Amino acid sequence: MALSFLDREHTVARPGYSRWLIPPAALAIHLCIGQAYATSVYKNALVTHFESSLTAIGVIFSIAIVMLGLSAAVLGTWVERAGPRAAMFASACFWASGFLVGALGIATSQLWLVYLGYGVIGGIGLGIGYISPVSTLIKWFPDRPGLATGMAIMGFGGGALVASPLSRQLMAFYDSGYDPTDPTSVASGSAVTSLFVTLGLVYFLVMMLGVFTVKVPPPGWAPAGFDAGAVTAKPMVSAADVSAANAIRTPQFWFLWTVLFCNVTAGIGILEQAAPMIQDFFRDGGTSSVAPTTAAGFVAFLSLFNMAGRFVWSSTSDYIGRKPTYIMYLGVGMVLYVLLATVGHLSTLVFVLVAAVILSFYGGGFATVPAYLRDLFGTFQVGAIHGRLLTAWSAAGIAGPLIINGFLDAQGTPGELVAADYRPALFTMVGVLAVGFIANVLVRPVAARFHEKPGRTDTLAEGKV
Amino acid sequence: MPEQTPERTGQPVPEPTSNQVPRLVVTWLVVTVPLAYGLFQTIKSVVPLFTG
């Protein structure tokens, strides 16, 4: 069959294949799908083009994130069975098609087609793509799973850093009347159509690099000098495997779901309102000492820490352990939120640094969780379990903005508030982090009754049953 | 006596190391060059935070 090269059995690496080819394969996928966090670049252009509201255009992104969680949860087991190459190929097809259908929607002024294209079809590509390299990376890097998954998931954060300036420059190329340096300038609908077509084609090609590079290690492979016994001798690291179906029956899965949900909810609290928040914190007599360009710089600074935290903290977790790492994210996070609420308004430097560390913990929480799952549930279906866990992200994507906007709306309009108006929302986030902290403390090794029988995992992975 | 090559013994053929170096360079470049571009552009937009 023409597409048989995608099958898992055709992706088994020959002896000597460099495992350092796997991180760029994973990054090729995550850098492309990370564009999802750069949708604000053309939001105003779509509002003008469709003569619609910001809310109606914001729904495109919301659908995509909900579809990410759903498709990762539903298709996770297929991703494990079919292998990383087939999953990456499917992700590339969905993600690129999403852009092309979305472009058709913009060109024909049919907003529902953009919902269907970028939101539904692209969102499925997001979900499959996000989990596709995770279990492969963990199998190639049994000695450093945090570093490996941190690298890939850092790519998701980096994708937005690449897509934002690139999209502005492409829209300026397609519409001579658009000035990418002027925040009030709006690109034409045809420029966004061309941007979508370009991104769809370019992302497809880059993702193909991942498709043709990724390979799974041969059965029983281990890196030179790797001592599996030393890894499983660490506290909270299991040598046993748990299936995805069994994992969701364990309390550990739901404790981790709560941990991820709380960590993401708290991070979104700052991300959602970053630009108006810094201006409001340093407002005196109706005028803020922070200019809009400085506020935009603050948002960019946070995105850098969000990305760096994914790599730095996830890699650090290989040395200090996953549970202590989340104790840091949630425990230190609580202290930082209290600092932000009580003394954040006294110094811009303190405010910026505290918010940046909080955002690094937000990113770190995403990147460390696959390795935490590996420690608890083994490598057998870790990608599928990760997919199910990502529903916590979708839920937090709804809860986080609801909490922060609910509190702020009661105080007035963000951009016209003062530091004290943020305190109820920030203290609520401390409570949210406390719930996550307790959930993390309660995580214990998975009971033996959920473990797969030795030998069965190999048979299942090879599709023999 | 015929040589016991991996094909004859049914063992998988090892990956030639020499082929992997250019492949490693190209794949890492494809992902690090756009990332460096994104980082540079982002750092440029962060500057007003510390100068403005």
# chains A, B, ... in the order shown; residues from 1 in each chain; ligands from 1

$ residues_around --residues "A:Gly309" --least-positions-apart "6" --cutoff "9 Å" --atoms "only C-alpha atoms" --output "PDB file with N, CA, C and O atoms, in the first residue's frame"
ATOM      1  N   GLY A 150      10.294  17.995  27.495  1.00  0.00           N
ATOM      2  CA  GLY A 150      10.410  19.449  27.686  1.00  0.00           C
ATOM      3  C   GLY A 150      10.804  20.133  26.397  1.00  0.00           C
ATOM      4  O   GLY A 150      10.278  21.190  26.048  1.00  0.00           O
ATOM      5  N   MET A 154       8.322  22.628  24.674  1.00  0.00           N
ATOM      6  CA  MET A 154       8.849  23.988  24.518  1.00  0.00           C
ATOM      7  C   MET A 154       8.555  24.480  23.094  1.00  0.00           C
ATOM      8  O   MET A 154       8.271  25.654  22.874  1.00  0.00           O
ATOM      9  N   VAL A 357       8.133  34.381  36.627  1.00  0.00           N
ATOM     10  CA  VAL A 357       8.387  33.066  37.246  1.00  0.00           C
ATOM     11  C   VAL A 357       7.080  32.258  37.299  1.00  0.00           C
ATOM     12  O   VAL A 357       7.074  31.051  37.027  1.00  0.00           O
ATOM     13  N   LEU A 359       4.687  32.371  35.168  1.00  0.00           N
ATOM     14  CA  LEU A 359       4.449  31.852  33.812  1.00  0.00           C
ATOM     15  C   LEU A 359       5.419  30.734  33.441  1.00  0.00           C
ATOM     16  O   LEU A 359       5.075  29.832  32.673  1.00  0.00           O
ATOM     17  N   SER A 360       6.631  30.782  34.027  1.00  0.00           N
ATOM     18  CA  SER A 360       7.574  29.679  33.758  1.00  0.00           C
ATOM     19  C   SER A 360       7.048  28.389  34.404  1.00  0.00           C
ATOM     20  O   SER A 360       7.225  27.298  33.865  1.00  0.00           O
ATOM     21  N   PHE A 361       6.387  28.524  35.555  1.00  0.00           N
ATOM     22  CA  PHE A 361       5.788  27.345  36.210  1.00  0.00           C
ATOM     23  C   PHE A 361       4.587  26.837  35.402  1.00  0.00           C
ATOM     24  O   PHE A 361       4.339  25.630  35.332  1.00  0.00           O
ATOM     25  N   TYR A 362       3.865  27.770  34.792  1.00  0.00           N
ATOM     26  CA  TYR A 362       2.717  27.399  33.938  1.00  0.00           C
ATOM     27  C   TYR A 362       3.218  26.530  32.779  1.00  0.00           C
ATOM     28  O   TYR A 362       2.700  25.430  32.526  1.00  0.00           O
ATOM     29  N   GLY A 363       4.251  27.012  32.084  1.00  0.00           N
ATOM     30  CA  GLY A 363       4.811  26.233  30.976  1.00  0.00           C
ATOM     31  C   GLY A 363       5.428  24.926  31.459  1.00  0.00           C
ATOM     32  O   GLY A 363       5.243  23.873  30.840  1.00  0.00           O
ATOM     33  N   GLY A 364       6.145  25.002  32.592  1.00  0.00           N
ATOM     34  CA  GLY A 364       6.781  23.809  33.145  1.00  0.00           C
ATOM     35  C   GLY A 364       5.758  22.733  33.484  1.00  0.00           C
ATOM     36  O   GLY A 364       6.020  21.539  33.302  1.00  0.00           O
ATOM     37  N   GLY A 365       4.605  23.144  33.956  1.00  0.00           N
ATOM     38  CA  GLY A 365       3.544  22.192  34.296  1.00  0.00           C
ATOM     39  C   GLY A 365       3.110  21.367  33.098  1.00  0.00           C
ATOM     40  O   GLY A 365       2.880  20.153  33.213  1.00  0.00           O
ATOM     41  N   ALA A 367       4.988  20.735  30.420  1.00  0.00           N
ATOM     42  CA  ALA A 367       6.094  19.935  29.877  1.00  0.00           C
ATOM     43  C   ALA A 367       6.497  18.781  30.786  1.00  0.00           C
ATOM     44  O   ALA A 367       7.016  17.771  30.301  1.00  0.00           O
TER      45      ALA A 367
END

$ interface_residues --of "chain B" --to "chain A" --cutoff "8 Å" --atoms "only C-alpha atoms" --output "ChimeraX atom specification"
/B:12-17,20,23-24,27-28,30-31,34-35,37-39,41-43,45-50,52

$ write_last_selection --atoms "N, CA, C and O atoms" --output "compact mmCIF listing (two decimals), in the first residue's frame"
# COMPACT_ATOMS: atom_id res chain seq x y z
N PRO B 12 18.98 -6.94 11.85
CA PRO B 12 18.78 -5.68 11.15
C PRO B 12 20.11 -5.03 10.77
O PRO B 12 21.08 -5.16 11.51
N VAL B 13 20.13 -4.38 9.59
CA VAL B 13 21.35 -3.72 9.13
C VAL B 13 21.57 -2.47 9.96
O VAL B 13 20.67 -1.64 10.08
N PRO B 14 22.77 -2.29 10.54
CA PRO B 14 23.00 -1.08 11.34
C PRO B 14 22.94 0.18 10.48
O PRO B 14 23.27 0.16 9.30
N GLU B 15 22.51 1.27 11.08
CA GLU B 15 22.44 2.57 10.41
C GLU B 15 23.85 3.09 10.19
O GLU B 15 24.65 3.12 11.13
N PRO B 16 24.23 3.46 8.92
CA PRO B 16 25.57 4.00 8.73
C PRO B 16 25.71 5.34 9.44
O PRO B 16 24.90 6.25 9.22
N THR B 17 26.71 5.47 10.31
CA THR B 17 26.88 6.69 11.11
C THR B 17 27.12 7.91 10.23
O THR B 17 26.65 8.99 10.51
N GLN B 20 24.24 9.95 9.03
CA GLN B 20 23.39 10.61 10.03
C GLN B 20 23.83 12.02 10.36
O GLN B 20 23.02 12.83 10.78
N ARG B 23 22.16 14.61 8.20
CA ARG B 23 20.73 14.56 8.53
C ARG B 23 20.46 15.26 9.88
O ARG B 23 19.49 15.99 10.03
N LEU B 24 21.36 15.02 10.83
CA LEU B 24 21.23 15.68 12.13
C LEU B 24 21.34 17.19 11.98
O LEU B 24 20.54 17.95 12.55
N THR B 27 18.09 18.56 10.07
CA THR B 27 16.85 18.54 10.87
C THR B 27 16.90 19.55 12.01
O THR B 27 15.92 20.25 12.28
N TRP B 28 18.07 19.65 12.67
CA TRP B 28 18.17 20.63 13.76
C TRP B 28 18.10 22.06 13.22
O TRP B 28 17.53 22.94 13.86
N VAL B 30 16.43 23.07 10.56
CA VAL B 30 15.04 23.38 10.15
C VAL B 30 14.21 23.84 11.35
O VAL B 30 13.33 24.68 11.21
N VAL B 31 14.52 23.32 12.52
CA VAL B 31 13.72 23.74 13.69
C VAL B 31 14.35 24.88 14.48
O VAL B 31 13.63 25.69 15.08
N PRO B 34 13.97 28.85 12.53
CA PRO B 34 12.73 29.60 12.81
C PRO B 34 12.59 29.98 14.28
O PRO B 34 12.13 31.08 14.60
N LEU B 35 13.04 29.09 15.16
CA LEU B 35 12.95 29.37 16.59
C LEU B 35 13.83 30.58 16.96
O LEU B 35 13.41 31.45 17.73
N TYR B 37 14.64 32.97 14.92
CA TYR B 37 13.97 34.14 14.35
C TYR B 37 12.86 34.62 15.31
O TYR B 37 12.75 35.81 15.61
N GLY B 38 12.07 33.67 15.81
CA GLY B 38 10.98 34.02 16.73
C GLY B 38 11.51 34.62 18.02
O GLY B 38 10.96 35.60 18.54
N LEU B 39 12.59 34.04 18.54
CA LEU B 39 13.20 34.56 19.78
C LEU B 39 13.72 35.97 19.57
O LEU B 39 13.50 36.85 20.40
N GLN B 41 12.78 38.23 17.35
CA GLN B 41 11.66 39.17 17.20
C GLN B 41 11.00 39.44 18.56
O GLN B 41 10.60 40.58 18.85
N THR B 42 10.89 38.41 19.38
CA THR B 42 10.25 38.57 20.69
C THR B 42 11.11 39.43 21.61
O THR B 42 10.60 40.33 22.29
N ILE B 43 12.42 39.16 21.60
CA ILE B 43 13.32 39.95 22.46
C ILE B 43 13.28 41.42 22.03
O ILE B 43 13.29 42.31 22.87
N SER B 45 10.74 42.97 20.91
CA SER B 45 9.52 43.59 21.44
C SER B 45 9.52 43.68 22.96
O SER B 45 8.72 44.41 23.56
N VAL B 46 10.45 42.95 23.61
CA VAL B 46 10.56 43.03 25.08
C VAL B 46 11.34 44.29 25.49
O VAL B 46 11.12 44.83 26.58
N VAL B 47 12.20 44.77 24.59
CA VAL B 47 13.10 45.88 24.93
C VAL B 47 12.36 47.08 25.57
O VAL B 47 12.81 47.60 26.60
N PRO B 48 11.20 47.52 25.01
CA PRO B 48 10.53 48.68 25.63
C PRO B 48 10.18 48.47 27.10
O PRO B 48 10.06 49.44 27.85
N LEU B 49 10.03 47.23 27.51
CA LEU B 49 9.68 46.94 28.91
C LEU B 49 10.78 47.43 29.85
O LEU B 49 10.52 47.86 30.97
N PHE B 50 12.03 47.37 29.37
CA PHE B 50 13.15 47.76 30.23
C PHE B 50 13.72 49.14 29.88
O PHE B 50 14.52 49.68 30.63
N GLY B 52 11.52 51.66 28.21
CA GLY B 52 10.44 52.65 28.16
C GLY B 52 9.83 52.84 29.52
O GLY B 52 8.97 53.63 29.73

$ closest_residue --among "A:Ala103, A:Ala396, A:Met236, A:Leu137" --to "A:Leu376" --atoms "only C-alpha atoms"
A:Met236

$ select_by_dssp --residues "stretch 270-352 of chain A" --states "helix (DSSP H, G or I)" --output "JSON, numbers by chain"
{"A": [270, 271, 274, 275, 276, 277, 278, 279, 280, 281, 292, 293, 294, 295, 296, 297, 298, 299, 300, 301, 302, 303, 304, 305, 306, 307, 308, 309, 310, 311, 312, 313, 314, 315, 316, 317, 318, 319, 320, 322, 323, 324, 325, 326, 327, 328, 329, 330, 331, 332, 333, 334, 335, 336, 337, 338, 339, 340, 341, 342, 343, 344, 345, 346, 348, 349, 350, 351, 352]}

$ write_last_selection --atoms "C-alpha atoms" --output "tab-separated table (two decimals), in the first residue's frame"
chain	number	residue	atom	x	y	z
A	270	ILE	CA	-2.20	36.15	34.38
A	271	LEU	CA	-1.88	35.36	30.67
A	274	ALA	CA	-1.34	40.49	31.16
A	275	ALA	CA	-1.31	43.75	29.18
A	276	PRO	CA	-4.14	45.62	31.00
A	277	MET	CA	-2.99	44.13	34.32
A	278	ILE	CA	0.49	45.72	34.32
A	279	GLN	CA	-1.02	49.06	33.34
A	280	ASP	CA	-3.66	48.83	36.08
A	281	PHE	CA	-1.11	47.87	38.75
A	292	PRO	CA	0.94	50.39	25.89
A	293	THR	CA	4.21	49.49	24.11
A	294	THR	CA	5.76	48.59	27.48
A	295	ALA	CA	2.68	46.47	28.28
A	296	ALA	CA	3.12	44.67	24.94
A	297	GLY	CA	6.79	44.08	25.86
A	298	PHE	CA	5.59	42.57	29.16
A	299	VAL	CA	3.36	40.10	27.27
A	300	ALA	CA	6.31	39.10	25.06
A	301	PHE	CA	8.52	38.73	28.17
A	302	LEU	CA	5.95	36.38	29.72
A	303	SER	CA	5.82	34.27	26.55
A	304	LEU	CA	9.62	33.89	26.71
A	305	PHE	CA	9.42	32.62	30.31
A	306	ASN	CA	6.46	30.40	29.42
A	307	MET	CA	8.61	28.77	26.73
A	308	ALA	CA	11.84	28.62	28.73
A	309	GLY	CA	10.05	27.15	31.76
A	310	ARG	CA	8.93	24.21	29.64
A	311	PHE	CA	12.50	23.18	28.94
A	312	VAL	CA	14.30	24.27	32.11
A	313	TRP	CA	11.87	22.97	34.74
A	314	SER	CA	11.01	19.77	32.88
A	315	SER	CA	14.73	18.95	32.50
A	316	THR	CA	15.29	19.79	36.18
A	317	SER	CA	12.55	17.31	37.13
A	318	ASP	CA	14.80	14.48	35.85
A	319	TYR	CA	17.10	15.25	38.78
A	320	ILE	CA	14.77	16.37	41.60
A	322	ARG	CA	8.36	14.92	39.37
A	323	LYS	CA	6.45	15.22	42.63
A	324	PRO	CA	8.90	17.73	44.20
A	325	THR	CA	8.84	19.69	40.92
A	326	TYR	CA	5.06	20.09	41.13
A	327	ILE	CA	5.36	20.93	44.85
A	328	MET	CA	7.57	23.80	43.65
A	329	TYR	CA	5.21	24.87	40.82
A	330	LEU	CA	2.19	24.92	43.11
A	331	GLY	CA	3.74	25.80	46.49
A	332	VAL	CA	6.12	28.52	45.31
A	333	GLY	CA	3.39	29.57	42.88
A	334	MET	CA	1.06	30.27	45.81
A	335	VAL	CA	3.73	32.43	47.53
A	336	LEU	CA	4.36	34.32	44.28
A	337	TYR	CA	0.65	35.00	43.76
A	338	VAL	CA	0.42	36.36	47.33
A	339	LEU	CA	3.48	38.56	46.64
A	340	LEU	CA	1.92	39.79	43.41
A	341	ALA	CA	-1.33	40.69	45.19
A	342	THR	CA	0.28	42.38	48.19
A	343	VAL	CA	3.53	44.05	47.05
A	344	GLY	CA	3.36	43.73	43.25
A	345	HIS	CA	2.21	47.35	42.88
A	346	LEU	CA	5.28	48.73	44.71
A	348	THR	CA	7.52	47.33	38.22
A	349	LEU	CA	10.62	45.13	38.42
A	350	VAL	CA	9.17	43.01	41.22
A	351	PHE	CA	5.84	42.74	39.37
A	352	VAL	CA	7.50	41.69	36.09

$ atom_distance --atom1 "atom CA of A:Val441" --atom2 "atom CA of A:Trp254"
12.7 Å

$ select_by_dssp --residues "stretch 224-307 of chain A" --states "strand (DSSP E)" --output "list of chain:residue names"
A:Arg283, A:Asp284, A:Thr287, A:Ser288

$ write_last_selection --atoms "N, CA and C atoms" --output "CSV table (one decimal), in the first residue's frame"
chain,number,residue,atom,x,y,z
A,283,ARG,N,-1.2,52.4,38.1
A,283,ARG,CA,-2.1,53.5,37.7
A,283,ARG,C,-2.2,54.4,38.9
A,284,ASP,N,-2.0,55.7,38.6
A,284,ASP,CA,-2.2,56.7,39.7
A,284,ASP,C,-3.0,57.8,39.2
A,287,THR,N,-4.1,57.7,35.4
A,287,THR,CA,-3.1,57.5,34.4
A,287,THR,C,-2.1,56.4,34.8
A,288,SER,N,-1.8,55.6,33.9
A,288,SER,CA,-0.9,54.5,34.2
A,288,SER,C,0.5,54.9,33.8

$ residues_around --residues "stretch 93-96 of chain A" --least-positions-apart "4" --cutoff "12 Å" --atoms "only C-alpha atoms" --output "VMD selection string"
chain A and resid 29 to 30 32 to 36 64 67 to 68 71 86 to 89 100 to 103 116 to 130 196 to 208 211
